[in-house]
$ cat input_38.csv   # CSV, C-alpha atoms
chain,number,residue,atom,x,y,z
Y,29,GLY,CA,102.1,83.3,75.7
Y,30,ALA,CA,105.6,84.2,76.8
Y,31,ALA,CA,106.3,81.0,78.7
Y,32,HIS,CA,109.3,80.1,76.5
Y,33,GLN,CA,109.7,83.5,74.9
Y,34,LEU,CA,113.2,84.9,75.0
Y,35,ARG,CA,113.1,88.3,76.5
Y,36,GLU,CA,115.1,89.6,73.6
Y,37,ARG,CA,112.0,89.1,71.4
Y,38,LEU,CA,109.5,90.8,73.7
Y,39,GLY,CA,110.5,94.4,73.4
Y,40,VAL,CA,108.7,95.1,70.1
Y,41,PRO,CA,105.4,93.3,71.1
Y,42,VAL,CA,105.3,95.1,74.5
Y,43,ILE,CA,105.8,98.5,72.7
Y,44,GLY,CA,102.9,97.6,70.4
Y,45,CYS,CA,100.6,96.9,73.4
Y,46,SER,CA,101.6,100.0,75.4
Y,47,CYS,CA,98.3,101.4,76.6
Y,48,LYS,CA,97.1,105.0,77.2
Y,49,VAL,CA,96.8,105.5,81.0
Y,50,CYS,CA,96.1,109.2,81.4
Y,51,THR,CA,96.1,112.6,79.7
Y,52,SER,CA,98.7,115.1,80.6
Y,53,SER,CA,97.8,118.7,81.4
Y,54,ASP,CA,100.8,119.7,79.3
Y,55,PRO,CA,99.5,120.8,75.9
Y,56,LYS,CA,102.7,119.7,74.3
Y,57,ASN,CA,102.2,116.2,75.6
Y,58,LYS,CA,98.5,115.4,75.1
Y,59,ARG,CA,98.9,111.6,75.4
Y,60,THR,CA,100.9,109.9,78.1
Y,61,ARG,CA,101.5,106.2,77.5
Y,62,ALA,CA,103.0,103.7,79.8
Y,63,SER,CA,104.5,100.2,79.7
Y,64,LEU,CA,104.5,98.6,83.1
Y,65,CYS,CA,106.3,95.5,84.2
Y,66,VAL,CA,106.4,93.8,87.6
Y,67,GLN,CA,109.7,94.3,89.4
Y,68,THR,CA,110.6,90.6,89.0
Y,69,ALA,CA,113.5,88.9,87.2
Y,70,SER,CA,111.4,88.7,84.1
Y,71,GLY,CA,110.1,92.3,84.3
Y,72,LYS,CA,113.6,93.7,84.9
Y,73,ASN,CA,114.7,91.8,81.8
Y,74,ILE,CA,112.0,93.2,79.5
Y,75,ALA,CA,111.6,96.8,80.7
Y,76,PRO,CA,115.2,98.0,79.8
Y,77,ARG,CA,114.8,96.6,76.3
Y,78,VAL,CA,111.5,98.5,75.8
Y,79,ALA,CA,113.0,101.7,77.2
Y,80,ALA,CA,116.1,101.4,74.9
Y,81,ARG,CA,113.9,100.9,71.8
Y,82,LEU,CA,111.8,103.9,72.7
Y,83,ASP,CA,114.8,106.0,73.6
Y,84,VAL,CA,113.3,106.9,77.0
Y,85,GLY,CA,114.4,106.6,80.6
Y,86,GLN,CA,113.2,103.8,82.8
Y,87,LEU,CA,111.5,104.3,86.2
Y,88,SER,CA,112.4,101.3,88.3
Y,89,ASP,CA,110.8,99.7,91.4
Y,90,ILE,CA,108.1,102.4,92.0
Y,91,THR,CA,106.1,102.1,95.2
Y,92,ALA,CA,103.6,104.9,94.7
Y,93,VAL,CA,102.0,106.9,91.9
Y,94,ILE,CA,101.9,110.6,92.8
Y,95,SER,CA,100.6,112.0,89.5
Y,96,ALA,CA,100.7,111.1,85.7
Y,97,ASP,CA,104.4,111.8,85.5
Y,98,THR,CA,105.6,111.6,89.1
Y,99,PHE,CA,106.4,108.5,91.1
Y,100,GLU,CA,108.0,107.4,94.4
Y,101,ARG,CA,110.7,104.7,94.6
Y,102,PRO,CA,113.1,103.5,97.3
Y,103,ILE,CA,116.8,104.2,97.1
Y,104,TYR,CA,119.9,103.3,99.3
Y,105,ALA,CA,118.5,99.8,100.1
Y,106,GLY,CA,115.1,101.3,101.2
Y,107,ASN,CA,116.7,103.8,103.6
Y,108,ALA,CA,115.4,106.8,101.7
Y,109,MET,CA,112.5,107.4,99.3
Y,110,ALA,CA,113.0,109.4,96.1
Y,111,THR,CA,110.3,111.3,94.2
Y,112,VAL,CA,111.1,111.1,90.5
Y,113,GLN,CA,109.5,112.8,87.5
Y,114,SER,CA,109.6,111.8,83.9
Y,115,THR,CA,108.8,114.1,81.0
Y,116,ASP,CA,109.0,111.3,78.4
Y,117,ALA,CA,105.8,110.8,76.4
Y,118,THR,CA,106.0,107.1,77.1
Y,119,LYS,CA,106.8,105.9,80.6
Y,120,VAL,CA,108.6,102.6,81.1
Y,121,ILE,CA,108.0,101.5,84.6
Y,122,THR,CA,108.7,98.5,86.8
Y,123,VAL,CA,106.4,98.2,89.8
Y,124,ARG,CA,107.1,96.8,93.3
Y,125,THR,CA,103.9,94.9,93.9
Y,126,THR,CA,104.3,94.8,97.7
Y,127,GLY,CA,104.1,98.6,97.6
Y,128,PHE,CA,100.4,98.5,96.5
Y,129,ASP,CA,97.3,97.0,98.1
Y,130,ALA,CA,95.4,94.4,96.1
Y,131,ALA,CA,92.7,95.8,93.8
Y,132,ALA,CA,89.2,95.5,95.2
Y,133,GLY,CA,87.9,94.2,91.9
Y,134,GLY,CA,88.9,93.5,88.3
Y,135,GLY,CA,89.4,96.2,85.8
Y,136,ASN,CA,87.8,96.7,82.4
Y,137,ALA,CA,90.9,97.0,80.2
Y,138,SER,CA,90.8,95.1,76.9
Y,139,VAL,CA,93.3,92.3,76.2
Y,140,GLN,CA,95.2,92.7,73.0
Y,141,ALA,CA,96.9,90.0,71.1
Y,142,ALA,CA,100.6,90.8,70.3
Y,143,ALA,CA,101.9,90.0,66.9
Y,144,PRO,CA,104.8,87.6,66.9
Y,145,VAL,CA,108.3,88.9,66.1
Y,146,ALA,CA,110.5,87.2,63.6
Y,147,ASP,CA,113.4,85.1,65.1
Y,148,SER,CA,116.6,87.0,64.8
Y,149,GLY,CA,118.6,83.8,65.1
Y,150,LEU,CA,120.9,85.3,67.7
Y,151,SER,CA,119.5,83.2,70.6
Y,152,ALA,CA,117.4,80.1,71.1
Y,153,TYR,CA,115.4,78.4,73.9
Y,154,LEU,CA,117.0,75.1,74.8
Y,155,GLY,CA,115.0,74.0,77.9
Y,156,SER,CA,114.4,74.7,81.6
Y,157,GLU,CA,114.6,72.9,84.9
Y,158,ILE,CA,111.6,73.7,87.1
Y,159,ALA,CA,112.1,73.4,90.8
Y,160,ARG,CA,109.1,71.7,92.4
Y,161,ASN,CA,108.0,73.1,95.7
Y,162,ASP,CA,104.8,72.4,97.6
Y,163,ARG,CA,105.3,75.4,99.8
Y,164,PRO,CA,103.7,78.9,99.1
Y,165,GLU,CA,105.6,81.0,96.7
Y,166,LEU,CA,107.9,83.2,98.8
Y,167,THR,CA,106.7,86.5,97.4
Y,168,ALA,CA,103.0,85.6,97.8
Y,169,ALA,CA,103.1,83.8,101.1
Y,170,LYS,CA,101.1,85.2,104.0
Y,171,ILE,CA,103.7,83.9,106.5
Y,172,VAL,CA,107.4,83.7,105.8
Y,173,VAL,CA,110.1,82.2,108.0
Y,174,SER,CA,113.7,83.0,107.2
Y,175,GLY,CA,116.9,81.7,108.7
Y,176,GLY,CA,120.3,83.2,108.9
Y,177,ARG,CA,123.9,82.1,109.1
Y,178,ALA,CA,123.6,81.8,112.9
Y,179,LEU,CA,121.9,78.4,112.4
Y,180,GLY,CA,125.3,77.0,111.7
Y,181,SER,CA,124.8,74.5,108.9
Y,182,ALA,CA,122.5,73.3,106.1
Y,183,GLU,CA,121.4,70.4,108.3
Y,184,LYS,CA,120.5,72.7,111.2
Y,185,PHE,CA,118.7,75.1,108.9
Y,186,ALA,CA,116.5,72.2,107.6
Y,187,GLU,CA,116.0,70.9,111.1
Y,188,VAL,CA,114.8,74.2,112.5
Y,189,MET,CA,113.1,75.9,109.6
Y,190,THR,CA,111.3,73.1,107.8
Y,191,PRO,CA,109.1,71.9,110.7
Y,192,LEU,CA,108.3,75.6,111.6
Y,193,ALA,CA,107.3,76.3,108.0
Y,194,ASP,CA,105.2,73.1,107.9
Y,195,LYS,CA,103.4,74.0,111.1
Y,196,LEU,CA,102.6,77.5,109.9
Y,197,GLY,CA,102.0,76.8,106.2
Y,198,ALA,CA,104.7,79.3,105.5
Y,199,GLY,CA,107.2,80.0,102.8
Y,200,ILE,CA,110.9,79.6,103.6
Y,201,GLY,CA,113.4,82.4,103.1
Y,202,ALA,CA,117.0,83.0,104.1
Y,203,SER,CA,119.5,85.8,104.5
Y,204,ARG,CA,122.3,86.4,102.0
Y,205,ALA,CA,124.8,85.1,104.5
Y,206,ALA,CA,122.9,81.8,104.8
Y,207,VAL,CA,122.7,81.4,101.0
Y,208,ASP,CA,126.4,82.3,100.6
Y,209,ALA,CA,127.2,79.7,103.2
Y,210,GLY,CA,125.4,77.0,101.2
Y,211,TYR,CA,122.6,76.4,103.6
Y,212,VAL,CA,119.9,76.9,100.9
Y,213,PRO,CA,119.7,77.7,97.2
Y,214,ASN,CA,119.8,81.2,95.8
Y,215,ASP,CA,116.0,81.4,95.2
Y,216,TYR,CA,115.5,81.4,99.0
Y,217,GLN,CA,117.3,84.7,99.5
Y,218,VAL,CA,115.3,87.6,100.8
Y,219,GLY,CA,116.7,91.1,100.4
Y,220,GLN,CA,117.7,93.8,98.0
Y,221,THR,CA,119.6,91.4,95.8
Y,222,GLY,CA,117.1,88.6,96.4
Y,223,LYS,CA,113.3,88.6,96.7
Y,224,ILE,CA,111.2,91.4,98.1
Y,225,VAL,CA,108.5,90.1,100.4
Y,226,ALA,CA,105.7,91.7,102.5
Y,227,PRO,CA,103.8,89.0,104.3
Y,228,GLN,CA,101.4,89.4,107.1
Y,229,VAL,CA,104.0,87.8,109.4
Y,230,TYR,CA,107.8,87.6,108.9
Y,231,ILE,CA,109.8,85.4,111.3
Y,232,ALA,CA,113.5,85.9,111.2
Y,233,VAL,CA,115.6,83.3,113.0
Y,234,GLY,CA,119.3,84.1,113.6
Y,235,ILE,CA,119.3,87.0,111.2
Y,236,SER,CA,121.1,90.1,112.4
Y,237,GLY,CA,119.4,92.4,109.9
Y,238,ALA,CA,121.9,93.8,107.4
Y,239,ILE,CA,120.6,96.7,105.4
Y,240,GLN,CA,120.3,94.7,102.2
Y,241,HIS,CA,118.1,92.1,104.0
Y,242,LEU,CA,115.9,94.7,105.7
Y,243,ALA,CA,115.3,96.2,102.3
Y,244,GLY,CA,113.6,93.0,101.2
Y,245,MET,CA,111.2,92.5,104.2
Y,246,LYS,CA,110.7,95.8,106.0
Y,247,ASP,CA,107.2,96.1,104.6
Y,248,SER,CA,106.0,93.0,106.4
Y,249,LYS,CA,103.0,93.7,108.6
Y,250,THR,CA,104.4,92.0,111.7
Y,251,ILE,CA,108.1,91.1,112.1
Y,252,ILE,CA,109.2,88.5,114.7
Y,253,ALA,CA,112.9,88.3,115.3
Y,254,ILE,CA,114.7,85.5,117.2
Y,255,ASN,CA,118.3,86.5,118.0
Y,256,LYS,CA,120.6,86.3,121.0
Y,257,ASP,CA,122.1,89.8,120.2
Y,258,GLU,CA,119.8,92.4,121.7
Y,259,ASP,CA,121.6,95.1,119.7
Y,260,ALA,CA,121.1,93.4,116.3
Y,261,PRO,CA,119.9,95.9,113.7
Y,262,ILE,CA,116.7,93.8,113.0
Y,263,PHE,CA,115.4,95.0,116.4
Y,264,GLN,CA,115.8,98.7,115.6
$ encode --input "input_38.csv" --output "structure tokens"
Amino acid sequence: GAAHQLRERLGVPVIGCSCKVCTSSDPKNKRTRASLCVQTASGKNIAPRVAARLDVGQLSDITAVISADTFERPIYAGNAMATVQSTDATKVITVRTTGFDAAAGGGNASVQAAAPVADSGLSAYLGSEIARNDRPELTAAKIVVSGGRALGSAEKFAEVMTPLADKLGAGIGASRAAVDAGYVPNDYQVGQTGKIVAPQVYIAVGISGAIQHLAGMKDSKTIIAINKDEDAPIFQ
């Protein structure tokens, strides 16, 4: 497994396991292969290394597959959608999972064992500190409650958001402003530079709705905003 694998060592095994996903109609490009990673911190760490070794471009954060070589991805913090095409024989892609519905059933692809790569000696795994949390994982929670800087303090954030999340069985998120103010740790941040979520219900408390925050939660099925400012962008 890759639980303690340094990402620097995963490029070669991933390339070795790249699977054939389709056949191109272009006679000069009979086989189209792809390496797909989830658009997470780990996936975004691995994919560029694979693309660099293959000397191909990377297609990042796709939300739709249009054809074997054409994809859709958000740009400008989700305010526009770009249709991008790659002519590389091997596509290296990171996928925004919230852009796709869950598969109805399991696939029939085979699982291949990757040969280990020799240690280059340039880096080493020393250890990790795992944050324990009884709440649903933010990116997988069906209900997310997020607080903003308007809550005023870390104490008030905990006083308001924690009981609400407990009652609803929700994950807790926050705006970048709340994180920067020290109300909660960085891993609570929802937005373009934080976590991308698409729950059934997203409750925003005291969040004005900056573009970078909206980019991280705009795909939520139902958005409930609590804010004194009727003109706040989150209501638009």
$ atom_distance --input "input_38.csv" --atom1 "atom CA of Lys249 of chain Y" --atom2 "atom CA of Ala131 of chain Y"
18.2 Å
$ atom_distance --input "input_38.csv" --atom1 "atom CA of Ala146 of chain Y" --atom2 "atom CA of Leu64 of chain Y"
23.4 Å
$ closest_atom_pairs --input "input_38.csv" --of "segment 93-192 of chain Y" --to "segment 214-230 of chain Y" --cutoff "9 Å" --atoms "only C-alpha atoms" --output "tab-separated table"
residue	atom	partner	partner_atom	distance
Y:Ala105	CA	Y:Gln220	CA	6.4
Y:Gly106	CA	Y:Gln220	CA	8.6
Y:Arg124	CA	Y:Ile224	CA	8.3
Y:Thr126	CA	Y:Ala226	CA	5.9
Y:Gly127	CA	Y:Ala226	CA	8.6
Y:Leu166	CA	Y:Val225	CA	7.1
Y:Thr167	CA	Y:Val225	CA	5.0
Y:Ala168	CA	Y:Pro227	CA	7.4
Y:Ala169	CA	Y:Pro227	CA	6.1
Y:Lys170	CA	Y:Pro227	CA	4.7
Y:Ile171	CA	Y:Val229	CA	4.9
Y:Val172	CA	Y:Tyr230	CA	5.0
Y:Val173	CA	Y:Tyr230	CA	5.9
Y:Ser174	CA	Y:Tyr230	CA	7.7
$ write_last_selection --input "input_38.csv" --atoms "C-alpha atoms" --output "CSV table (one decimal), in the frame of the given file"
chain,number,residue,atom,x,y,z
Y,105,ALA,CA,118.5,99.8,100.1
Y,106,GLY,CA,115.1,101.3,101.2
Y,124,ARG,CA,107.1,96.8,93.3
Y,126,THR,CA,104.3,94.8,97.7
Y,127,GLY,CA,104.1,98.6,97.6
Y,166,LEU,CA,107.9,83.2,98.8
Y,167,THR,CA,106.7,86.5,97.4
Y,168,ALA,CA,103.0,85.6,97.8
Y,169,ALA,CA,103.1,83.8,101.1
Y,170,LYS,CA,101.1,85.2,104.0
Y,171,ILE,CA,103.7,83.9,106.5
Y,172,VAL,CA,107.4,83.7,105.8
Y,173,VAL,CA,110.1,82.2,108.0
Y,174,SER,CA,113.7,83.0,107.2
$ atom_distance --input "input_38.csv" --atom1 "atom CA of Ala143 of chain Y" --atom2 "atom CA of Asp97 of chain Y"
28.8 Å
$ closest_residue --input "input_38.csv" --among "Y:Val84, Y:Ala137, Y:Ala243, Y:Ile262" --to "Ala108 of chain Y" --atoms "only C-alpha atoms"
Y:Ala243
$ closest_residue --input "input_38.csv" --among "Y:Leu150, Y:Ala79, Y:Ala178, Y:Ile103" --to "Ser236 of chain Y" --atoms "only C-alpha atoms"
Y:Ala178
$ residues_around --input "input_38.csv" --residues "Ala206 of chain Y" --least-positions-apart "3" --cutoff "8 Å" --atoms "all atoms listed in the file" --output "short mmCIF file (atom, residue, chain, number, x, y, z; two decimals) with C-alpha atoms, in the frame of the given file"
data_model
loop_
_atom_site.label_atom_id
_atom_site.label_comp_id
_atom_site.auth_asym_id
_atom_site.auth_seq_id
_atom_site.Cartn_x
_atom_site.Cartn_y
_atom_site.Cartn_z
CA GLY Y 175 116.90 81.70 108.70
CA GLY Y 176 120.30 83.20 108.90
CA ARG Y 177 123.90 82.10 109.10
CA ALA Y 202 117.00 83.00 104.10
CA SER Y 203 119.50 85.80 104.50
CA ALA Y 209 127.20 79.70 103.20
CA GLY Y 210 125.40 77.00 101.20
CA TYR Y 211 122.60 76.40 103.60
CA VAL Y 212 119.90 76.90 100.90
#
$ residues_around --input "input_38.csv" --residues "Ala92 of chain Y" --least-positions-apart "6" --cutoff "12 Å" --atoms "only C-alpha atoms" --output "PDB file with C-alpha atoms, keeping the file's coordinate frame"
ATOM      1  CA  THR Y  98     105.600 111.600  89.100  1.00  0.00           C
ATOM      2  CA  PHE Y  99     106.400 108.500  91.100  1.00  0.00           C
ATOM      3  CA  GLU Y 100     108.000 107.400  94.400  1.00  0.00           C
ATOM      4  CA  ARG Y 101     110.700 104.700  94.600  1.00  0.00           C
ATOM      5  CA  PRO Y 102     113.100 103.500  97.300  1.00  0.00           C
ATOM      6  CA  MET Y 109     112.500 107.400  99.300  1.00  0.00           C
ATOM      7  CA  ALA Y 110     113.000 109.400  96.100  1.00  0.00           C
ATOM      8  CA  THR Y 111     110.300 111.300  94.200  1.00  0.00           C
ATOM      9  CA  VAL Y 112     111.100 111.100  90.500  1.00  0.00           C
ATOM     10  CA  ILE Y 121     108.000 101.500  84.600  1.00  0.00           C
ATOM     11  CA  THR Y 122     108.700  98.500  86.800  1.00  0.00           C
ATOM     12  CA  VAL Y 123     106.400  98.200  89.800  1.00  0.00           C
ATOM     13  CA  ARG Y 124     107.100  96.800  93.300  1.00  0.00           C
ATOM     14  CA  THR Y 125     103.900  94.900  93.900  1.00  0.00           C
ATOM     15  CA  THR Y 126     104.300  94.800  97.700  1.00  0.00           C
ATOM     16  CA  GLY Y 127     104.100  98.600  97.600  1.00  0.00           C
ATOM     17  CA  PHE Y 128     100.400  98.500  96.500  1.00  0.00           C
ATOM     18  CA  ASP Y 129      97.300  97.000  98.100  1.00  0.00           C
TER      19      ASP Y 129
END
$ residues_around --input "input_38.csv" --residues "Gly85 of chain Y" --least-positions-apart "5" --cutoff "9 Å" --atoms "only C-alpha atoms" --output "PDB file with C-alpha atoms, in the coordinates of the input"
ATOM      1  CA  PRO Y  76     115.200  98.000  79.800  1.00  0.00           C
ATOM      2  CA  ALA Y  79     113.000 101.700  77.200  1.00  0.00           C
ATOM      3  CA  ALA Y  80     116.100 101.400  74.900  1.00  0.00           C
ATOM      4  CA  SER Y 114     109.600 111.800  83.900  1.00  0.00           C
ATOM      5  CA  ASP Y 116     109.000 111.300  78.400  1.00  0.00           C
ATOM      6  CA  LYS Y 119     106.800 105.900  80.600  1.00  0.00           C
ATOM      7  CA  VAL Y 120     108.600 102.600  81.100  1.00  0.00           C
TER       8      VAL Y 120
END
$ closest_residue --input "input_38.csv" --among "Y:Gly234, Y:Pro144, Y:Pro261, Y:Gly135" --to "Lys184 of chain Y" --atoms "all atoms listed in the file"
Y:Gly234
$ build_atoms --input "input_38.csv" --residues "segment 119-135 of chain Y" --atoms "N, CA and C atoms" --output "compact mmCIF listing (two decimals), in the coordinates of the input"
# COMPACT_ATOMS: atom_id res chain seq x y z
N LYS Y 119 106.11 106.33 79.42
CA LYS Y 119 106.80 105.90 80.60
C LYS Y 119 107.03 104.42 80.61
N VAL Y 120 108.25 104.02 80.90
CA VAL Y 120 108.60 102.60 81.10
C VAL Y 120 108.85 102.38 82.53
N ILE Y 121 108.03 101.57 83.19
CA ILE Y 121 108.00 101.50 84.60
C ILE Y 121 108.06 100.05 85.11
N THR Y 122 108.86 99.79 86.14
CA THR Y 122 108.70 98.50 86.80
C THR Y 122 108.14 98.82 88.22
N VAL Y 123 107.23 97.95 88.66
CA VAL Y 123 106.40 98.20 89.80
C VAL Y 123 106.72 97.19 90.94
N ARG Y 124 106.99 97.68 92.14
CA ARG Y 124 107.10 96.80 93.30
C ARG Y 124 105.73 96.47 93.80
N THR Y 125 105.29 95.25 93.57
CA THR Y 125 103.90 94.90 93.90
C THR Y 125 103.59 94.98 95.37
N THR Y 126 104.59 94.76 96.22
CA THR Y 126 104.30 94.80 97.70
C THR Y 126 104.07 96.25 98.13
N GLY Y 127 104.31 97.22 97.27
CA GLY Y 127 104.10 98.60 97.60
C GLY Y 127 102.63 99.05 97.41
N PHE Y 128 101.80 98.17 96.85
CA PHE Y 128 100.40 98.50 96.50
C PHE Y 128 99.47 97.49 97.11
N ASP Y 129 98.33 97.95 97.60
CA ASP Y 129 97.30 97.00 98.10
C ASP Y 129 96.64 96.33 96.91
N ALA Y 130 96.13 95.15 97.17
CA ALA Y 130 95.40 94.40 96.10
C ALA Y 130 94.20 95.17 95.66
N ALA Y 131 93.91 95.13 94.38
CA ALA Y 131 92.70 95.80 93.80
C ALA Y 131 91.47 95.18 94.39
N ALA Y 132 90.47 96.02 94.65
CA ALA Y 132 89.20 95.50 95.20
C ALA Y 132 88.46 94.65 94.20
N GLY Y 133 88.62 94.96 92.92
CA GLY Y 133 87.90 94.20 91.90
C GLY Y 133 88.69 94.25 90.59
N GLY Y 134 88.22 93.52 89.60
CA GLY Y 134 88.90 93.50 88.30
C GLY Y 134 88.66 94.76 87.52
N GLY Y 135 89.57 95.06 86.61
CA GLY Y 135 89.40 96.20 85.80
C GLY Y 135 88.67 95.93 84.50
